[in-house]
Amino acid sequence: MTPQIDPQAGAAVKAADRAHVFHSWSAQGLIDPLAIAGAEGSYFWDYDGNRYLDFTSGLVYTNIGYQHPKVVAAIQEQAAKMTTFAPAFAIESRSEAARLIAERTPGDLDKIFFTNAGADAVEHAVRMARLHTGRTKVMSAYRSYHGGTQQAVNLTGDPRRWASDTGSAGVVRFWAPFLYRTPFHSETEQQECERALQHLEDTIVFEGPATLAAIILETIPGTAGIMTPPPGYLAGVRALCDRYGIVFILDEVMAGFGRTGKWFAAEHFDVVPDLITFAKGVNSGYVPLGGVAISAAIADTFATRPYPGGLTYSGHPLACAAAVATITAMEDEDIVGQAARLGSDILAPALAELAARHPSIGEVRGTGAFWALELVRNKETREPLVPYNASGEANAPMAAFGAAAKKNGLWPFINMNRTHVVPPCNITEAEAKEGLAALDEALSVADEHTV
C-alpha cells in the first residue's frame, strides 16, 4: 500500500475519536491519539504521510505483520460463507483452528476452549482450576500482567491492578526470579532459581496447600519486562504443583505463537503445564480471539459435569478462520524459525552492541522477537531511568526517548523504564536494521539523563 496524504480526513477521524471514543488505561483529556490511515507488513502511517516502523507489533500481537494477504483472504472467504454461528455447534473453521492449536501445544493439552481475548482466557483458566481442585486461592507473581477483567486484573502484579484490587479475590502474590533486580540477594542464575523456588514453596506452605487451586505464571513475562526465567525454575514450579496438587497455568497470551522462536515459550523449558492461556498471535490480532488449552485430566473433570462458563462469541467463525490461515501461513513461511533467527542472528548481537555503547542501557534480555532494554540512570547502581510507575515530569526522560524514536520513524514499545523490541516475527533483516538504527539515535537522548 502507498500512504495517501489527506490531512482533512485525518482531522475528521481525530475529531470523532476525541468526541466519542473512551480509551483504555488513559486520562481521557490528556491523550492525543494518532489517527492511522493504513498499515502493511511491519509499517503503519498517518494521514499526513508519516510512516512508522512498528517495534510494538500493535500490542505485541501482529506476529505476522499487518494485512498478511493469506489471512485477509481467509477472513473474506469465511465472511462470504458464514459470518457467525452460535458456539454450541460444530463449525469447520472452529474445529480446524482447535485442531491446529492442539497439534502445537505441549503434552496432552488437546482440548481448546475459545474466548474473545487473553483476559477472559485467564478468567476461564482460573475457573477451571478452582472447579477441578475444589480450592479457591490462586498464586501469581508481582511482576506480571494477566488482563483487564476483574479476576485477571487482580492476578496482575503491575500498578494497573491497584484501582480495581478488592483485596478479596483469593489471590496470593510471590516474587518470581529476576536476577538483575533480585529480591533474593542472588549472585548467579542458579542461586536465583533455587532461592525463588524456596520462597515459592515457603509461601505455599504458609498459605496452606489445601487452599491453593493454581499457580499462574507468564512463561516469559511480557509487559512486566521480558524476564526469561533461569534454567530449572519452571520445571521446579511444575514439581511443586505436582507435590501439592496445585494446577499449573502458563499464560502465553504474549509469548505464544512464534514470538519467542517457538510455537509456545514452554518449549524452551521442556515443561508441560495443566492449562495454557493464549490470544494475540494465534491470528495476529486480525479478529479478536483467545482461548485455553486444557490437559486431559482437567478436561475429564467436565466429561459428565457441565462446565459452568461460556461466551456468546466463543470460537467465532471469522476469528477462527483467521487463526487457521495465520497458523498455516506461519508453518508454510517458517515464521517461527524466522523469529528464532531474528533473535539469535540480528537482535541479540545488535542490542548487545548498543548496550556496550549506551550508558542508559543497564541490561538486554530476550529471545526470538521478544526483547527488553532496561534503561537506567547509572549502570553501577542500576537506578531506573525513571521511578516505578512514573508519570508527568518524573517520566520526562522516557517521554523524550519515545519522542526521539518517533521523530526517526520508529514506533517504540515503552513501559516504565524499559523499551521493548517486539517487532513482527517476520520483519525483514533490512527493516530490523532500520529500526535498530533509529533506536540507536533515540537512546542517545536517554543517555543525556544518566549520571
# chains A, B, ... in the order shown; residues from 1 in each chain; ligands from 1

call {"tool": "residues_around", "arguments": {"residues": "Thr312 of chain A", "least_positions_apart": "6", "cutoff": "10 Å", "atoms": "only C-alpha atoms", "output": "PyMOL selection string"}}
result
chain A and resi 85-88+115-116

call {"tool": "residues_around", "arguments": {"residues": "segment 284-300 of chain A", "least_positions_apart": "6", "cutoff": "7 Å", "atoms": "only C-alpha atoms", "output": "number ranges by chain"}}
result
A: 61-64, 108-118, 121, 125, 132, 274-278, 318-319, 322

call {"tool": "closest_atom_pairs", "arguments": {"of": "segment 187-222 of chain A", "to": "segment 361-381 of chain A", "cutoff": "12 Å", "atoms": "only C-alpha atoms", "output": "CSV"}}
result
residue,atom,partner,partner_atom,distance
A:Ile220,CA,A:Gly366,CA,8.9
A:Pro221,CA,A:Phe370,CA,10.2
A:Gly222,CA,A:Phe370,CA,8.2

call {"tool": "residues_around", "arguments": {"residues": "Gly208 of chain A", "least_positions_apart": "2", "cutoff": "12 Å", "atoms": "only C-alpha atoms", "output": "VMD selection string"}}
result
chain A and resid 135 to 139 172 201 to 206 210 to 213 244 to 246

call {"tool": "write_last_selection", "arguments": {"atoms": "C-alpha atoms", "output": "short mmCIF file (atom, residue, chain, number, x, y, z; two decimals), in the first residue's frame"}}
result
data_model
loop_
_atom_site.label_atom_id
_atom_site.label_comp_id
_atom_site.auth_asym_id
_atom_site.auth_seq_id
_atom_site.Cartn_x
_atom_site.Cartn_y
_atom_site.Cartn_z
CA ARG A 135 -9.96 -24.93 46.14
CA THR A 136 -10.14 -21.14 45.97
CA LYS A 137 -6.83 -19.27 46.09
CA VAL A 138 -4.58 -18.59 43.12
CA MET A 139 -0.92 -17.57 43.26
CA VAL A 172 -1.67 -14.64 46.75
CA GLU A 201 7.40 -23.29 48.45
CA ASP A 202 7.54 -21.37 51.73
CA THR A 203 4.63 -19.24 50.54
CA ILE A 204 2.67 -22.34 49.54
CA VAL A 205 3.24 -23.92 52.94
CA PHE A 206 2.28 -20.83 54.92
CA ALA A 210 -5.08 -27.39 50.56
CA THR A 211 -6.42 -23.87 49.89
CA LEU A 212 -4.47 -23.28 46.66
CA ALA A 213 -6.14 -24.04 43.34
CA TYR A 244 0.86 -30.11 46.48
CA GLY A 245 -1.90 -30.90 43.99
CA ILE A 246 -1.94 -27.39 42.51
#

call {"tool": "residues_around", "arguments": {"residues": "segment 96-99 of chain A", "least_positions_apart": "2", "cutoff": "8 Å", "atoms": "only C-alpha atoms", "output": "short mmCIF file (atom, residue, chain, number, x, y, z; two decimals) with N, CA and C atoms, in the first residue's frame"}}
result
data_model
loop_
_atom_site.label_atom_id
_atom_site.label_comp_id
_atom_site.auth_asym_id
_atom_site.auth_seq_id
_atom_site.Cartn_x
_atom_site.Cartn_y
_atom_site.Cartn_z
N GLU A 92 -16.75 -25.67 10.85
CA GLU A 92 -15.49 -26.07 10.22
C GLU A 92 -14.31 -25.23 10.70
N SER A 93 -14.41 -23.91 10.63
CA SER A 93 -13.26 -23.08 10.98
C SER A 93 -12.91 -23.24 12.46
N ARG A 94 -13.93 -23.41 13.30
CA ARG A 94 -13.70 -23.58 14.74
C ARG A 94 -13.00 -24.90 15.03
N ILE A 101 -4.23 -25.72 16.80
CA ILE A 101 -3.65 -25.25 18.07
C ILE A 101 -3.22 -26.45 18.92
N ALA A 102 -4.11 -27.46 19.03
CA ALA A 102 -3.81 -28.63 19.86
C ALA A 102 -2.58 -29.38 19.34
N GLU A 103 -2.36 -29.38 18.04
CA GLU A 103 -1.18 -30.03 17.48
C GLU A 103 0.11 -29.37 17.95
N LYS A 111 -7.54 -30.19 24.33
CA LYS A 111 -8.87 -29.61 24.27
C LYS A 111 -8.74 -28.09 24.30
N ILE A 112 -9.48 -27.41 23.44
CA ILE A 112 -9.37 -25.95 23.31
C ILE A 112 -10.71 -25.29 23.61
N CYS A 320 -11.80 -17.69 14.00
CA CYS A 320 -11.16 -18.99 13.85
C CYS A 320 -10.61 -19.18 12.44
N ALA A 321 -11.31 -18.66 11.44
CA ALA A 321 -10.77 -18.73 10.08
C ALA A 321 -9.46 -17.96 9.98
N ALA A 323 -7.41 -17.58 12.46
CA ALA A 323 -6.42 -18.40 13.16
C ALA A 323 -5.90 -19.52 12.27
N VAL A 324 -6.80 -20.18 11.56
CA VAL A 324 -6.38 -21.26 10.65
C VAL A 324 -5.41 -20.72 9.61
#

call {"tool": "residues_around", "arguments": {"residues": "segment 81-84 of chain A", "least_positions_apart": "6", "cutoff": "9 Å", "atoms": "only C-alpha atoms", "output": "PyMOL selection string"}}
result
chain A and resi 313+316-318

call {"tool": "residues_around", "arguments": {"residues": "Pro423 of chain A", "least_positions_apart": "2", "cutoff": "7 Å", "atoms": "only C-alpha atoms", "output": "mmCIF file with N, CA, C and O atoms, in the first residue's frame"}}
result
data_model
loop_
_atom_site.group_PDB
_atom_site.id
_atom_site.type_symbol
_atom_site.label_atom_id
_atom_site.label_comp_id
_atom_site.auth_asym_id
_atom_site.auth_seq_id
_atom_site.Cartn_x
_atom_site.Cartn_y
_atom_site.Cartn_z
ATOM 1 N N ASP A 54 6.957 -0.385 13.064
ATOM 2 C CA ASP A 54 6.276 -0.748 14.308
ATOM 3 C C ASP A 54 7.089 -1.770 15.096
ATOM 4 O O ASP A 54 7.061 -2.965 14.806
ATOM 5 N N PHE A 55 7.815 -1.286 16.106
ATOM 6 C CA PHE A 55 8.558 -2.169 17.001
ATOM 7 C C PHE A 55 7.703 -2.606 18.196
ATOM 8 O O PHE A 55 8.233 -3.092 19.186
ATOM 9 N N THR A 56 6.368 -2.441 18.082
ATOM 10 C CA THR A 56 5.453 -2.875 19.146
ATOM 11 C C THR A 56 4.553 -4.022 18.702
ATOM 12 O O THR A 56 3.902 -4.650 19.537
ATOM 13 N N SER A 57 4.496 -4.291 17.388
ATOM 14 C CA SER A 57 3.551 -5.280 16.859
ATOM 15 C C SER A 57 2.137 -5.027 17.377
ATOM 16 O O SER A 57 1.451 -5.934 17.848
ATOM 17 N N ALA A 369 11.680 -12.779 18.820
ATOM 18 C CA ALA A 369 11.263 -11.402 18.531
ATOM 19 C C ALA A 369 10.683 -10.766 19.790
ATOM 20 O O ALA A 369 9.702 -10.023 19.732
ATOM 21 N N VAL A 421 11.729 -4.421 22.398
ATOM 22 C CA VAL A 421 11.934 -4.594 20.965
ATOM 23 C C VAL A 421 11.133 -5.827 20.565
ATOM 24 O O VAL A 421 11.569 -6.962 20.742
ATOM 25 N N CYS A 425 7.238 -11.014 13.868
ATOM 26 C CA CYS A 425 8.192 -12.127 13.816
ATOM 27 C C CYS A 425 8.805 -12.297 12.431
ATOM 28 O O CYS A 425 9.890 -12.875 12.299
ATOM 29 N N ILE A 427 9.551 -9.713 10.338
ATOM 30 C CA ILE A 427 10.210 -8.490 9.886
ATOM 31 C C ILE A 427 11.466 -8.874 9.102
ATOM 32 O O ILE A 427 12.154 -9.849 9.426
#

call {"tool": "atom_distance", "arguments": {"atom1": "atom CA of Tyr142 of chain A", "atom2": "atom CA of Phe174 of chain A"}}
result
6.1 Å
